[in-house]
Amino acid sequence: MMDLLKIDKIRQYKTRQGFVKRIVQEHYLREDVPCNSELCLAGCRQTANCVVPADVTHYLLPDCQTASDYLDILELPELIGIVFLQTVLHHVRHSSGKRSYQRLYNKVKDMRSRCTVFANEFCHYAYCSREPGEDHVQWQFRVVYESAVWYYNHLAGQKPIVLLTENEKVIEEYGSRTAGVYVLSIGNYLNMFWPDLNQALDIYESLKASLAEVESQSKGSSKEYTEYLPMDVLSAGIKSGRYIDGAIRVNRHHAQEEAFVSRNIRSSDQKSDVLIAGRKNRNRAVDGDIVVVELLPQAEWTGRIISLKAAGSDDVGSEKSESMPCGRVVGILQRNWRDYVVSLPDDLEQQTGGGQSDKILVIPWDYSIPKIRISTRHALQLKDQRIVVRIDSWETDSMFPNGHFVRSLGTIGDLETEIAAVLVEKNLSVGPFSEGLLKEMPENTEQNPWVMDEDEVKKRRDLRRSHLIFSIDPKGCEDVDDTLSVRKLKNGRIELGVHIADVTYFVKPDSLTDLEARSRSTTVYLADRRYDMLPEILSAQLCSLIGGVDRYAVSVVWQLDPNTYEVIKVWYGRTVIRSAYKMFYEAAQSLHDGKQVKDDIPELDGLDAATVDKKLVELKWCVDKLMDIARHLKARRVVGGAVQLEGEEVKVELNEEQEIEDLVPKQTMEIHETIAECMIFANHWVAKKIAEAFSTSALLRHHPLPRQDQFQELLYCAKAKGYTIDTSSNKALADSLDKCIDSNDPLYNRILRSLATKAMSNALYFSTGSLPRDQFFHYGLALDRYTHFTSPIRRYADVIVHRQLLAAVEEEDSNSLHLPSNKDLQQLSGHINTKHRASQNAQRDSQVLFQAMYFHDRDSTTDERCIVDAVVHNLRANGLLVFIPRYGIKGALYLKDKEGLVCDASSPGKTPTWAPGTLEWSEFSITVSTSTCKTTFKLFDHITVRISVQQARSHASSLRFDLVANQPHKKDESIGVQNTSLKTDIIQEVLGESEDKPSTASIYDNQDILGADFPELKKQYGQTNESVSLYHLLQHLQEMGLEESADGS
């Protein structure tokens, strides 16, 4: 055993009372600290998953200040072979905070970056004690330099070491001291080794200017904001209850005036939100930061703004609600700064003095983010572009935060630029799959097609000849996650099977494919495209359960009572399947309805009439039996309290010129709910199995109880028509909603259900060891256990669940499957939850983008598609909130403008005018009074509105609603009846073809514009064929709206 050398480390601290406290700590040094390099000749044992490679030109060692200030550059994927010293990690953690430390840690942990950590503070020959009187900064660099020299000598000079620092004095002192160890500034290093990496050079210039700006501001004396309290004071205050901690949420509609911090108070007599009114009280906190709040005296409390505010307007109404608890930010526990999409201001020349100054206030795309001051020498070139910036600091003497330029996204208004802006704002990475990852993929070409491994087949249950297996999917589907089977056994029981693609066979734990899938966590669906979690060869080929092809699967098979469909027996395991039929939803529904479907099922082509009839009878029995089983399964959940919520699904149709032709509400058939119910059933039973096998480390999905204060809008709207909603439990809520029926207006119940959806908490993944057992339930589905098992092609959570299920049923060693511990799984759950929520928000923003595109070039005064029926679903002090059933859109309609004029719609058949008058607001109505008449708008009135587009250069364009008449629009009267069965979220599905075009036509087919290599680029960036996009989008939406209609996630 290696001998340890014990030394004493002496630290001196100054207490709050001014006394100096001396602490002596034991510290042990050893000679066998591993270097984690592939070039090691000393036989060091590797203790890290990542090692620095042998095939780089040099190793890179950043000093403490470089790692702290220029982390953005070190994070670039091009920079590999970095050795981070233990001293550097400690410095980053203590000087830059936990978030920066986590970013650096993630760089090391990601095996694709090929970086490592060297524990220099425990290495006998690299350790440096601080000399008496030595400056702290000088000592830190000496530690880094001596470690770099030791590392170079330890590797016998095989690889030069480049030490990065921005300290000119140490460059001069140490630059030529040791051959093979080079001390360079970051600028010189980038120019010498990465002259073509423009992104790094631009970030370096911007960061350097930002740091200089911070240094110059620190010399000023004017204070715009108050200093934060010390961390120990904040901790003590939180513990005693004097202070409140939580994430700050800025109201994007009143970003300058309002922000809120949630507090965990369960008593019903206290409100759970604290209002932070005004910039001063917000004290430099940015949306998403974890802040500490001190409540203001009750005399200073105020209410939230209840007036509507137009996008981009500075006008703020004076109308406020009743007062609520108010506070001010006294400290920041964690900064959650991210990448921000911004644009340069219109008055750029005025700000920069004709382009001479390099300091600019840029305007964020997100209304909730303040303007950011950056320095750039390329202002004029970037004037008409959307760019990405990061915040570096926000000093007390600055009205705005300081940041730096990262990269440009493209020209403002360009579709690809706007899509990129959506992805950056949601922190979604959709870059190309790496070359190393693609090398892990199995080969599947015409010359060398992939075939099953015979040894693997022997390990599985073979269902290819014993079961009639089929899939039911949307038209255009090529990558199929799930298939089904149902048959009657000889003992009279019914056997139901759900067979899911076995992704884990191809995606091995800790492989590059696995790491990339974990990082992405989900396939991202936008209105016109998707970005895959897995490469196309897996998602659309080898993992896809397409018809007539042998595939690996993971199956759940139940034996059910033939009368009650109660579960008698269940089997889980690996299988080999061959899907016999690949049906579309429409064909399956028509088959159930007794209609002719022979031409809609390709597998029947070429068969004689007798064989076709026989197969259709067999297939119809299966579909009918599935529907019957699904009805029973759903009935049980409804009895248990499952909440059926409401939403809208809208399809966007494009014409041959790829212009948006129409927004068409889609209808849901019973077969949609049948498939969804079978998937819920499988997810539930898998959850029960893995929770039993891994009681403290199973990945489940929890839908918590909604906060009662979130139901206020629902209760208010129900009360408007004399109904009472009981929100005490999911069962009571479901029963109450079923009774709220207006026979004259089917939309009424739908709007109430959409408000119930809005009130729901988000469903979240969690590890069973992190919550008590009584919190495992899923509120919306009324199930005691639930997880995600049925979509491993597009969700990483399902991949983890597959591994856990297989470990549970095959009794394999969980260590061999690399199953995460409770701590690791809970951390992973948080990451997956964040990515899942970001994906949903990106999808929503892309819908808004395409809505604006649809109405952009239409004349709102003459185009009949812009004049629609609207339902008043809420009231504000200066207007109405309306719902457009024709398009599934909600928005604000103003009855009073910023000049104080009111909208007079009293003359039938005439366009409303703006005239002097007043608004009178009662509990369920608002009355417009002018000198000639009064017009009253009641909650749930139908009115006619005009839709137009409100352009915003620095932000996303939005829709504007103007009153046309205070009566229903005749052409839309049937809309409410048409869509009563819709139960998915408000979705836009952008098709790449018109009805008379082939399904393979793509919005990107014009190669004259995009280049002949564009299809290859799409594959590189993880986008499969556009003909597949519809399937993934609909499958994703069905689970959102049907499987988890209560999730809100």
# chains A, B, ... in the order shown; residues from 1 in each chain; ligands from 1

call {"tool": "select_by_dssp", "arguments": {"residues": "stretch 481-619 of chain A", "states": "alpha helix (DSSP H)", "output": "list in words"}}
result
Leu512, Thr513, Asp514, Leu515, Glu516, Ala517, Arg518, Ser519, Arg520, Glu536, Tyr585, Glu586, Ala587, Ala588, Gln589, Ser590, Leu591, His592, Ala609, Ala610, Thr611, Val612, Asp613, Lys614, Lys615, Leu616, Val617, Glu618 and Leu619 of chain A

call {"tool": "residues_around", "arguments": {"residues": "stretch 612-617 of chain A", "least_positions_apart": "5", "cutoff": "12 Å", "atoms": "only C-alpha atoms", "output": "list in words"}}
result
Leu468, Ala580, Tyr581, Ala587, Ala588, Ser590, Leu591, His592, Gly594, Lys595, Gln596, Val597, Lys598, Asp599, Asp600, Ile601, Pro602, Glu603, Leu604, Asp605, Gly606, Leu607, Cys622, Val623 and Asp624 of chain A

call {"tool": "write_last_selection", "arguments": {"atoms": "N, CA and C atoms", "output": "tab-separated table (two decimals), in the first residue's frame"}}
result
chain	number	residue	atom	x	y	z
A	468	LEU	N	-51.02	-12.59	-34.03
A	468	LEU	CA	-51.34	-11.61	-35.06
A	468	LEU	C	-51.05	-10.22	-34.48
A	580	ALA	N	-47.97	-7.89	-38.82
A	580	ALA	CA	-48.66	-8.38	-40.01
A	580	ALA	C	-49.34	-7.27	-40.79
A	581	TYR	N	-49.81	-6.24	-40.07
A	581	TYR	CA	-50.53	-5.15	-40.73
A	581	TYR	C	-50.06	-3.81	-40.18
A	587	ALA	N	-58.36	3.76	-41.40
A	587	ALA	CA	-58.73	2.41	-41.85
A	587	ALA	C	-59.22	1.57	-40.69
A	588	ALA	N	-58.55	1.66	-39.55
A	588	ALA	CA	-58.97	0.88	-38.38
A	588	ALA	C	-60.36	1.30	-37.92
A	590	SER	N	-62.69	2.71	-39.78
A	590	SER	CA	-63.65	2.28	-40.81
A	590	SER	C	-63.91	0.79	-40.70
A	591	LEU	N	-62.88	0.01	-40.42
A	591	LEU	CA	-63.05	-1.43	-40.26
A	591	LEU	C	-64.00	-1.72	-39.10
A	592	HIS	N	-63.83	-1.01	-38.01
A	592	HIS	CA	-64.74	-1.17	-36.87
A	592	HIS	C	-66.16	-0.76	-37.23
A	594	GLY	N	-67.61	-1.09	-40.01
A	594	GLY	CA	-68.19	-1.96	-41.02
A	594	GLY	C	-68.08	-1.45	-42.43
A	595	LYS	N	-67.20	-0.51	-42.67
A	595	LYS	CA	-67.04	0.06	-44.01
A	595	LYS	C	-66.01	-0.74	-44.80
A	596	GLN	N	-65.95	-0.51	-46.10
A	596	GLN	CA	-65.02	-1.20	-46.98
A	596	GLN	C	-63.61	-0.61	-46.81
A	597	VAL	N	-62.65	-1.47	-46.46
A	597	VAL	CA	-61.29	-0.98	-46.19
A	597	VAL	C	-60.22	-1.76	-46.94
A	598	LYS	N	-60.62	-2.65	-47.86
A	598	LYS	CA	-59.65	-3.49	-48.54
A	598	LYS	C	-58.54	-2.67	-49.20
A	599	ASP	N	-58.93	-1.58	-49.85
A	599	ASP	CA	-57.95	-0.77	-50.57
A	599	ASP	C	-57.06	0.04	-49.64
A	600	ASP	N	-57.42	0.13	-48.36
A	600	ASP	CA	-56.65	0.93	-47.39
A	600	ASP	C	-55.64	0.10	-46.62
A	601	ILE	N	-55.59	-1.21	-46.86
A	601	ILE	CA	-54.65	-2.08	-46.16
A	601	ILE	C	-53.76	-2.74	-47.19
A	602	PRO	N	-52.54	-2.23	-47.39
A	602	PRO	CA	-51.66	-2.72	-48.48
A	602	PRO	C	-51.35	-4.20	-48.39
A	603	GLU	N	-51.34	-4.75	-47.20
A	603	GLU	CA	-50.98	-6.17	-47.04
A	603	GLU	C	-52.00	-7.10	-47.70
A	604	LEU	N	-53.19	-6.58	-48.04
A	604	LEU	CA	-54.22	-7.41	-48.67
A	604	LEU	C	-54.14	-7.40	-50.19
A	605	ASP	N	-53.28	-6.57	-50.73
A	605	ASP	CA	-53.15	-6.48	-52.18
A	605	ASP	C	-52.64	-7.82	-52.74
A	606	GLY	N	-53.24	-8.22	-53.85
A	606	GLY	CA	-52.79	-9.43	-54.54
A	606	GLY	C	-53.38	-10.71	-54.02
A	607	LEU	N	-54.22	-10.65	-52.97
A	607	LEU	CA	-54.85	-11.85	-52.42
A	607	LEU	C	-56.21	-12.07	-53.08
A	622	CYS	N	-60.15	-8.39	-33.96
A	622	CYS	CA	-59.08	-7.83	-33.12
A	622	CYS	C	-59.33	-6.36	-32.79
A	623	VAL	N	-59.69	-5.57	-33.81
A	623	VAL	CA	-59.93	-4.14	-33.59
A	623	VAL	C	-61.13	-3.93	-32.68
A	624	ASP	N	-62.21	-4.67	-32.94
A	624	ASP	CA	-63.40	-4.55	-32.09
A	624	ASP	C	-63.09	-4.93	-30.65

call {"tool": "select_by_dssp", "arguments": {"residues": "stretch 699-910 of chain A", "states": "strand (DSSP E)", "output": "MDAnalysis selection string"}}
result
chainID A and resid 699:702 764:767 867:876 879:884 889:894 901:904

call {"tool": "closest_residue", "arguments": {"among": "A:Ile238, A:Asn336, A:Val250, A:Glu322", "to": "A:Val293", "atoms": "only C-alpha atoms"}}
result
A:Ile238

call {"tool": "residues_around", "arguments": {"residues": "stretch 358-364 of chain A", "least_positions_apart": "3", "cutoff": "8 Å", "atoms": "only C-alpha atoms", "output": "VMD selection string"}}
result
chain A and resid 340 to 345 348 351 to 352 355 367 369 to 377 379 954 to 955

call {"tool": "residues_around", "arguments": {"residues": "stretch 727-729 of chain A", "least_positions_apart": "5", "cutoff": "9 Å", "atoms": "only C-alpha atoms", "output": "ChimeraX atom specification"}}
result
/A:641,705,708,711,734,736,779

call {"tool": "write_last_selection", "arguments": {"atoms": "N, CA, C and O atoms", "output": "tab-separated table (two decimals), in the first residue's frame"}}
result
chain	number	residue	atom	x	y	z
A	641	GLY	N	-61.57	8.43	-10.73
A	641	GLY	CA	-61.34	9.87	-10.63
A	641	GLY	C	-60.52	10.46	-11.75
A	641	GLY	O	-60.06	11.60	-11.63
A	705	LEU	N	-50.99	16.80	-6.86
A	705	LEU	CA	-52.26	17.51	-6.68
A	705	LEU	C	-52.11	18.96	-7.14
A	705	LEU	O	-51.10	19.60	-6.88
A	708	GLN	N	-54.84	24.64	-5.04
A	708	GLN	CA	-56.24	25.07	-5.06
A	708	GLN	C	-56.41	26.50	-5.57
A	708	GLN	O	-57.42	26.83	-6.20
A	711	PHE	N	-57.31	27.15	-9.28
A	711	PHE	CA	-58.64	26.88	-9.81
A	711	PHE	C	-59.55	28.12	-9.80
A	711	PHE	O	-60.72	28.02	-10.16
A	734	ALA	N	-63.84	15.77	-11.78
A	734	ALA	CA	-64.35	15.13	-13.00
A	734	ALA	C	-65.88	15.13	-13.01
A	734	ALA	O	-66.51	15.43	-14.02
A	736	SER	N	-67.90	17.15	-11.39
A	736	SER	CA	-68.40	18.52	-11.51
A	736	SER	C	-68.35	19.00	-12.95
A	736	SER	O	-69.29	19.62	-13.46
A	779	TYR	N	-52.31	12.04	-10.59
A	779	TYR	CA	-53.61	12.67	-10.31
A	779	TYR	C	-54.53	12.63	-11.53
A	779	TYR	O	-55.69	12.23	-11.44

call {"tool": "residues_around", "arguments": {"residues": "stretch 678-684 of chain A", "least_positions_apart": "4", "cutoff": "9 Å", "atoms": "only C-alpha atoms", "output": "mmCIF file with all heavy atoms, in the first residue's frame"}}
result
data_model
loop_
_atom_site.group_PDB
_atom_site.id
_atom_site.type_symbol
_atom_site.label_atom_id
_atom_site.label_comp_id
_atom_site.auth_asym_id
_atom_site.auth_seq_id
_atom_site.Cartn_x
_atom_site.Cartn_y
_atom_site.Cartn_z
ATOM 1 N N ASP A 482 -44.818 1.279 -31.292
ATOM 2 C CA ASP A 482 -45.659 0.308 -30.605
ATOM 3 C C ASP A 482 -46.518 -0.493 -31.571
ATOM 4 O O ASP A 482 -46.958 0.000 -32.604
ATOM 5 C CB ASP A 482 -46.558 1.024 -29.600
ATOM 6 C CG ASP A 482 -47.358 2.144 -30.246
ATOM 7 O OD1 ASP A 482 -48.462 1.874 -30.731
ATOM 8 O OD2 ASP A 482 -46.875 3.296 -30.266
ATOM 9 N N LEU A 484 -49.628 -3.931 -31.350
ATOM 10 C CA LEU A 484 -50.594 -4.553 -30.447
ATOM 11 C C LEU A 484 -50.953 -5.949 -30.941
ATOM 12 O O LEU A 484 -50.827 -6.261 -32.131
ATOM 13 C CB LEU A 484 -51.867 -3.708 -30.360
ATOM 14 C CG LEU A 484 -51.726 -2.307 -29.781
ATOM 15 C CD1 LEU A 484 -52.836 -1.409 -30.284
ATOM 16 C CD2 LEU A 484 -51.720 -2.359 -28.264
ATOM 17 N N GLY A 497 -51.654 -7.957 -25.831
ATOM 18 C CA GLY A 497 -50.216 -7.701 -25.844
ATOM 19 C C GLY A 497 -49.886 -6.319 -26.368
ATOM 20 O O GLY A 497 -50.486 -5.854 -27.342
ATOM 21 N N VAL A 498 -48.962 -5.656 -25.681
ATOM 22 C CA VAL A 498 -48.398 -4.391 -26.149
ATOM 23 C C VAL A 498 -46.916 -4.634 -26.375
ATOM 24 O O VAL A 498 -46.196 -5.036 -25.457
ATOM 25 C CB VAL A 498 -48.617 -3.254 -25.135
ATOM 26 C CG1 VAL A 498 -47.857 -2.002 -25.559
ATOM 27 C CG2 VAL A 498 -50.105 -2.937 -25.004
ATOM 28 N N VAL A 556 -45.338 -6.574 -23.096
ATOM 29 C CA VAL A 556 -46.147 -6.835 -21.904
ATOM 30 C C VAL A 556 -47.388 -7.560 -22.393
ATOM 31 O O VAL A 556 -48.103 -7.056 -23.268
ATOM 32 C CB VAL A 556 -46.534 -5.539 -21.174
ATOM 33 C CG1 VAL A 556 -47.276 -5.865 -19.884
ATOM 34 C CG2 VAL A 556 -45.307 -4.688 -20.882
ATOM 35 N N VAL A 557 -47.633 -8.753 -21.848
ATOM 36 C CA VAL A 557 -48.744 -9.586 -22.299
ATOM 37 C C VAL A 557 -49.599 -9.949 -21.095
ATOM 38 O O VAL A 557 -49.092 -10.474 -20.104
ATOM 39 C CB VAL A 557 -48.236 -10.869 -23.000
ATOM 40 C CG1 VAL A 557 -49.404 -11.701 -23.481
ATOM 41 C CG2 VAL A 557 -47.313 -10.506 -24.161
ATOM 42 N N LEU A 626 -60.162 -4.843 -29.151
ATOM 43 C CA LEU A 626 -59.326 -3.792 -28.570
ATOM 44 C C LEU A 626 -60.169 -2.626 -28.081
ATOM 45 O O LEU A 626 -59.955 -2.097 -26.982
ATOM 46 C CB LEU A 626 -58.306 -3.298 -29.600
ATOM 47 C CG LEU A 626 -56.982 -4.036 -29.738
ATOM 48 C CD1 LEU A 626 -56.116 -3.356 -30.782
ATOM 49 C CD2 LEU A 626 -56.239 -4.103 -28.410
ATOM 50 N N ILE A 629 -62.055 -3.602 -24.920
ATOM 51 C CA ILE A 629 -61.155 -3.620 -23.755
ATOM 52 C C ILE A 629 -60.833 -2.197 -23.316
ATOM 53 O O ILE A 629 -60.857 -1.877 -22.118
ATOM 54 C CB ILE A 629 -59.867 -4.390 -24.098
ATOM 55 C CG1 ILE A 629 -60.177 -5.871 -24.325
ATOM 56 C CG2 ILE A 629 -58.827 -4.227 -22.993
ATOM 57 C CD1 ILE A 629 -58.997 -6.671 -24.865
ATOM 58 N N ALA A 630 -60.534 -1.325 -24.284
ATOM 59 C CA ALA A 630 -60.170 0.060 -23.957
ATOM 60 C C ALA A 630 -61.306 0.785 -23.261
ATOM 61 O O ALA A 630 -61.081 1.585 -22.345
ATOM 62 C CB ALA A 630 -59.761 0.801 -25.222
ATOM 63 N N LEU A 633 -61.244 -0.324 -19.696
ATOM 64 C CA LEU A 633 -60.092 0.227 -18.982
ATOM 65 C C LEU A 633 -60.321 1.695 -18.632
ATOM 66 O O LEU A 633 -60.037 2.138 -17.509
ATOM 67 C CB LEU A 633 -58.826 0.091 -19.840
ATOM 68 C CG LEU A 633 -58.358 -1.336 -20.144
ATOM 69 C CD1 LEU A 633 -57.129 -1.295 -21.044
ATOM 70 C CD2 LEU A 633 -58.052 -2.096 -18.860
ATOM 71 N N GLU A 673 -58.389 7.026 -28.943
ATOM 72 C CA GLU A 673 -58.447 6.782 -27.500
ATOM 73 C C GLU A 673 -58.199 5.317 -27.179
ATOM 74 O O GLU A 673 -57.671 4.987 -26.113
ATOM 75 C CB GLU A 673 -59.802 7.236 -26.960
ATOM 76 C CG GLU A 673 -60.016 8.733 -27.050
ATOM 77 C CD GLU A 673 -61.216 9.189 -26.232
ATOM 78 O OE1 GLU A 673 -61.572 8.493 -25.262
ATOM 79 O OE2 GLU A 673 -61.785 10.227 -26.574
ATOM 80 N N THR A 674 -58.568 4.423 -28.089
ATOM 81 C CA THR A 674 -58.298 2.995 -27.875
ATOM 82 C C THR A 674 -56.803 2.731 -27.763
ATOM 83 O O THR A 674 -56.339 2.059 -26.828
ATOM 84 C CB THR A 674 -58.889 2.172 -29.034
ATOM 85 O OG1 THR A 674 -60.305 2.343 -29.054
ATOM 86 C CG2 THR A 674 -58.546 0.699 -28.879
ATOM 87 N N LYS A 688 -45.721 -0.539 -11.995
ATOM 88 C CA LYS A 688 -45.898 -1.402 -10.828
ATOM 89 C C LYS A 688 -44.747 -2.392 -10.696
ATOM 90 O O LYS A 688 -44.241 -2.644 -9.592
ATOM 91 C CB LYS A 688 -47.230 -2.149 -10.930
ATOM 92 C CG LYS A 688 -48.452 -1.261 -10.782
ATOM 93 C CD LYS A 688 -49.737 -1.969 -11.152
ATOM 94 C CE LYS A 688 -50.018 -3.158 -10.272
ATOM 95 N NZ LYS A 688 -51.354 -3.737 -10.550
ATOM 96 N N LYS A 689 -44.293 -2.928 -11.820
ATOM 97 C CA LYS A 689 -43.237 -3.939 -11.789
ATOM 98 C C LYS A 689 -41.899 -3.339 -11.356
ATOM 99 O O LYS A 689 -41.216 -3.893 -10.487
ATOM 100 C CB LYS A 689 -43.108 -4.573 -13.173
ATOM 101 C CG LYS A 689 -42.093 -5.708 -13.235
ATOM 102 C CD LYS A 689 -42.531 -6.879 -12.363
ATOM 103 C CE LYS A 689 -41.543 -8.034 -12.452
ATOM 104 N NZ LYS A 689 -41.944 -9.163 -11.583
ATOM 105 N N LEU A 781 -54.568 10.796 -14.310
ATOM 106 C CA LEU A 781 -54.960 9.489 -14.817
ATOM 107 C C LEU A 781 -55.596 8.612 -13.751
ATOM 108 O O LEU A 781 -56.082 7.519 -14.065
ATOM 109 C CB LEU A 781 -53.742 8.770 -15.404
ATOM 110 C CG LEU A 781 -53.088 9.439 -16.615
ATOM 111 C CD1 LEU A 781 -51.857 8.659 -17.043
ATOM 112 C CD2 LEU A 781 -54.070 9.549 -17.761
ATOM 113 N N LEU A 783 -54.202 6.921 -11.270
ATOM 114 C CA LEU A 783 -53.446 5.682 -11.133
ATOM 115 C C LEU A 783 -52.446 5.822 -9.997
ATOM 116 O O LEU A 783 -51.865 6.891 -9.797
ATOM 117 C CB LEU A 783 -52.702 5.351 -12.430
ATOM 118 C CG LEU A 783 -53.588 5.060 -13.653
ATOM 119 C CD1 LEU A 783 -52.742 4.942 -14.903
ATOM 120 C CD2 LEU A 783 -54.409 3.786 -13.445
ATOM 121 N N ASP A 784 -52.242 4.714 -9.246
ATOM 122 C CA ASP A 784 -51.322 4.776 -8.112
ATOM 123 C C ASP A 784 -49.863 4.715 -8.551
ATOM 124 O O ASP A 784 -48.982 5.174 -7.833
ATOM 125 C CB ASP A 784 -51.615 3.642 -7.123
ATOM 126 C CG ASP A 784 -51.456 2.270 -7.753
ATOM 127 O OD1 ASP A 784 -51.559 2.179 -8.993
ATOM 128 O OD2 ASP A 784 -51.238 1.291 -7.013
ATOM 129 N N ARG A 785 -49.588 4.146 -9.723
ATOM 130 C CA ARG A 785 -48.234 4.093 -10.270
ATOM 131 C C ARG A 785 -48.312 4.372 -11.771
ATOM 132 O O ARG A 785 -49.191 3.869 -12.464
ATOM 133 C CB ARG A 785 -47.594 2.714 -10.051
ATOM 134 C CG ARG A 785 -47.478 2.264 -8.599
ATOM 135 C CD ARG A 785 -46.418 3.029 -7.844
ATOM 136 N NE ARG A 785 -46.270 2.498 -6.501
ATOM 137 C CZ ARG A 785 -46.974 2.878 -5.447
ATOM 138 N NH1 ARG A 785 -47.923 3.814 -5.595
ATOM 139 N NH2 ARG A 785 -46.768 2.350 -4.257
ATOM 140 N N TYR A 786 -47.358 5.152 -12.262
ATOM 141 C CA TYR A 786 -47.344 5.437 -13.694
ATOM 142 C C TYR A 786 -45.922 5.761 -14.118
ATOM 143 O O TYR A 786 -45.133 6.315 -13.349
ATOM 144 C CB TYR A 786 -48.264 6.604 -14.033
ATOM 145 C CG TYR A 786 -48.537 6.741 -15.517
ATOM 146 C CD1 TYR A 786 -49.343 5.806 -16.169
ATOM 147 C CD2 TYR A 786 -47.986 7.766 -16.279
ATOM 148 C CE1 TYR A 786 -49.590 5.896 -17.525
ATOM 149 C CE2 TYR A 786 -48.220 7.859 -17.644
ATOM 150 C CZ TYR A 786 -49.029 6.923 -18.259
ATOM 151 O OH TYR A 786 -49.273 7.006 -19.605
ATOM 152 N N THR A 787 -45.584 5.374 -15.334
ATOM 153 C CA THR A 787 -44.286 5.707 -15.891
ATOM 154 C C THR A 787 -44.418 5.834 -17.397
ATOM 155 O O THR A 787 -45.535 5.767 -17.939
ATOM 156 C CB THR A 787 -43.231 4.646 -15.520
ATOM 157 O OG1 THR A 787 -41.929 5.133 -15.839
ATOM 158 C CG2 THR A 787 -43.482 3.331 -16.241
ATOM 159 N N HIS A 788 -43.322 5.992 -18.088
ATOM 160 C CA HIS A 788 -43.316 6.024 -19.547
ATOM 161 C C HIS A 788 -42.472 4.873 -20.054
ATOM 162 O O HIS A 788 -41.276 4.805 -19.784
ATOM 163 C CB HIS A 788 -42.767 7.358 -20.058
ATOM 164 C CG HIS A 788 -43.802 8.427 -20.131
ATOM 165 N ND1 HIS A 788 -43.499 9.767 -20.212
ATOM 166 C CD2 HIS A 788 -45.159 8.350 -20.149
ATOM 167 C CE1 HIS A 788 -44.616 10.474 -20.262
ATOM 168 N NE2 HIS A 788 -45.624 9.629 -20.220
ATOM 169 N N PHE A 789 -43.107 3.984 -20.819
ATOM 170 C CA PHE A 789 -42.482 2.776 -21.318
ATOM 171 C C PHE A 789 -42.659 2.621 -22.826
ATOM 172 O O PHE A 789 -41.869 1.959 -23.494
ATOM 173 C CB PHE A 789 -43.113 1.580 -20.584
ATOM 174 C CG PHE A 789 -42.934 0.241 -21.259
ATOM 175 C CD1 PHE A 789 -41.717 -0.419 -21.222
ATOM 176 C CD2 PHE A 789 -44.003 -0.366 -21.919
ATOM 177 C CE1 PHE A 789 -41.564 -1.650 -21.838
ATOM 178 C CE2 PHE A 789 -43.855 -1.592 -22.536
ATOM 179 C CZ PHE A 789 -42.637 -2.246 -22.498
ATOM 180 N N THR A 790 -43.663 3.281 -23.397
ATOM 181 C CA THR A 790 -44.142 2.943 -24.736
ATOM 182 C C THR A 790 -43.488 3.722 -25.872
ATOM 183 O O THR A 790 -43.814 3.473 -27.029
ATOM 184 C CB THR A 790 -45.670 3.149 -24.810
ATOM 185 O OG1 THR A 790 -45.984 4.492 -24.396
ATOM 186 C CG2 THR A 790 -46.384 2.172 -23.891
ATOM 187 N N GLU A 1039 -50.255 11.480 -26.862
ATOM 188 C CA GLU A 1039 -49.888 11.175 -25.483
ATOM 189 C C GLU A 1039 -50.048 12.396 -24.596
ATOM 190 O O GLU A 1039 -50.440 12.298 -23.461
ATOM 191 C CB GLU A 1039 -48.466 10.646 -25.407
ATOM 192 C CG GLU A 1039 -48.118 10.223 -24.009
ATOM 193 C CD GLU A 1039 -47.081 9.141 -23.991
ATOM 194 O OE1 GLU A 1039 -46.936 8.416 -24.983
ATOM 195 O OE2 GLU A 1039 -46.406 9.031 -22.969
ATOM 196 N N GLU A 1043 -53.128 10.537 -23.229
ATOM 197 C CA GLU A 1043 -52.541 9.769 -22.142
ATOM 198 C C GLU A 1043 -52.379 10.599 -20.895
ATOM 199 O O GLU A 1043 -52.537 10.128 -19.786
ATOM 200 C CB GLU A 1043 -51.177 9.217 -22.553
ATOM 201 C CG GLU A 1043 -51.253 8.152 -23.626
ATOM 202 C CD GLU A 1043 -49.909 7.528 -23.867
ATOM 203 O OE1 GLU A 1043 -49.036 7.633 -22.992
ATOM 204 O OE2 GLU A 1043 -49.734 6.923 -24.925
ATOM 205 N N GLU A 1044 -52.032 11.885 -21.063
ATOM 206 C CA GLU A 1044 -51.784 12.713 -19.903
ATOM 207 C C GLU A 1044 -52.482 14.046 -20.075
ATOM 208 O O GLU A 1044 -51.888 15.099 -20.016
ATOM 209 C CB GLU A 1044 -50.286 12.921 -19.703
ATOM 210 C CG GLU A 1044 -49.559 11.660 -19.390
ATOM 211 C CD GLU A 1044 -48.156 11.956 -18.950
ATOM 212 O OE1 GLU A 1044 -47.987 12.491 -17.848
ATOM 213 O OE2 GLU A 1044 -47.246 11.668 -19.704
#
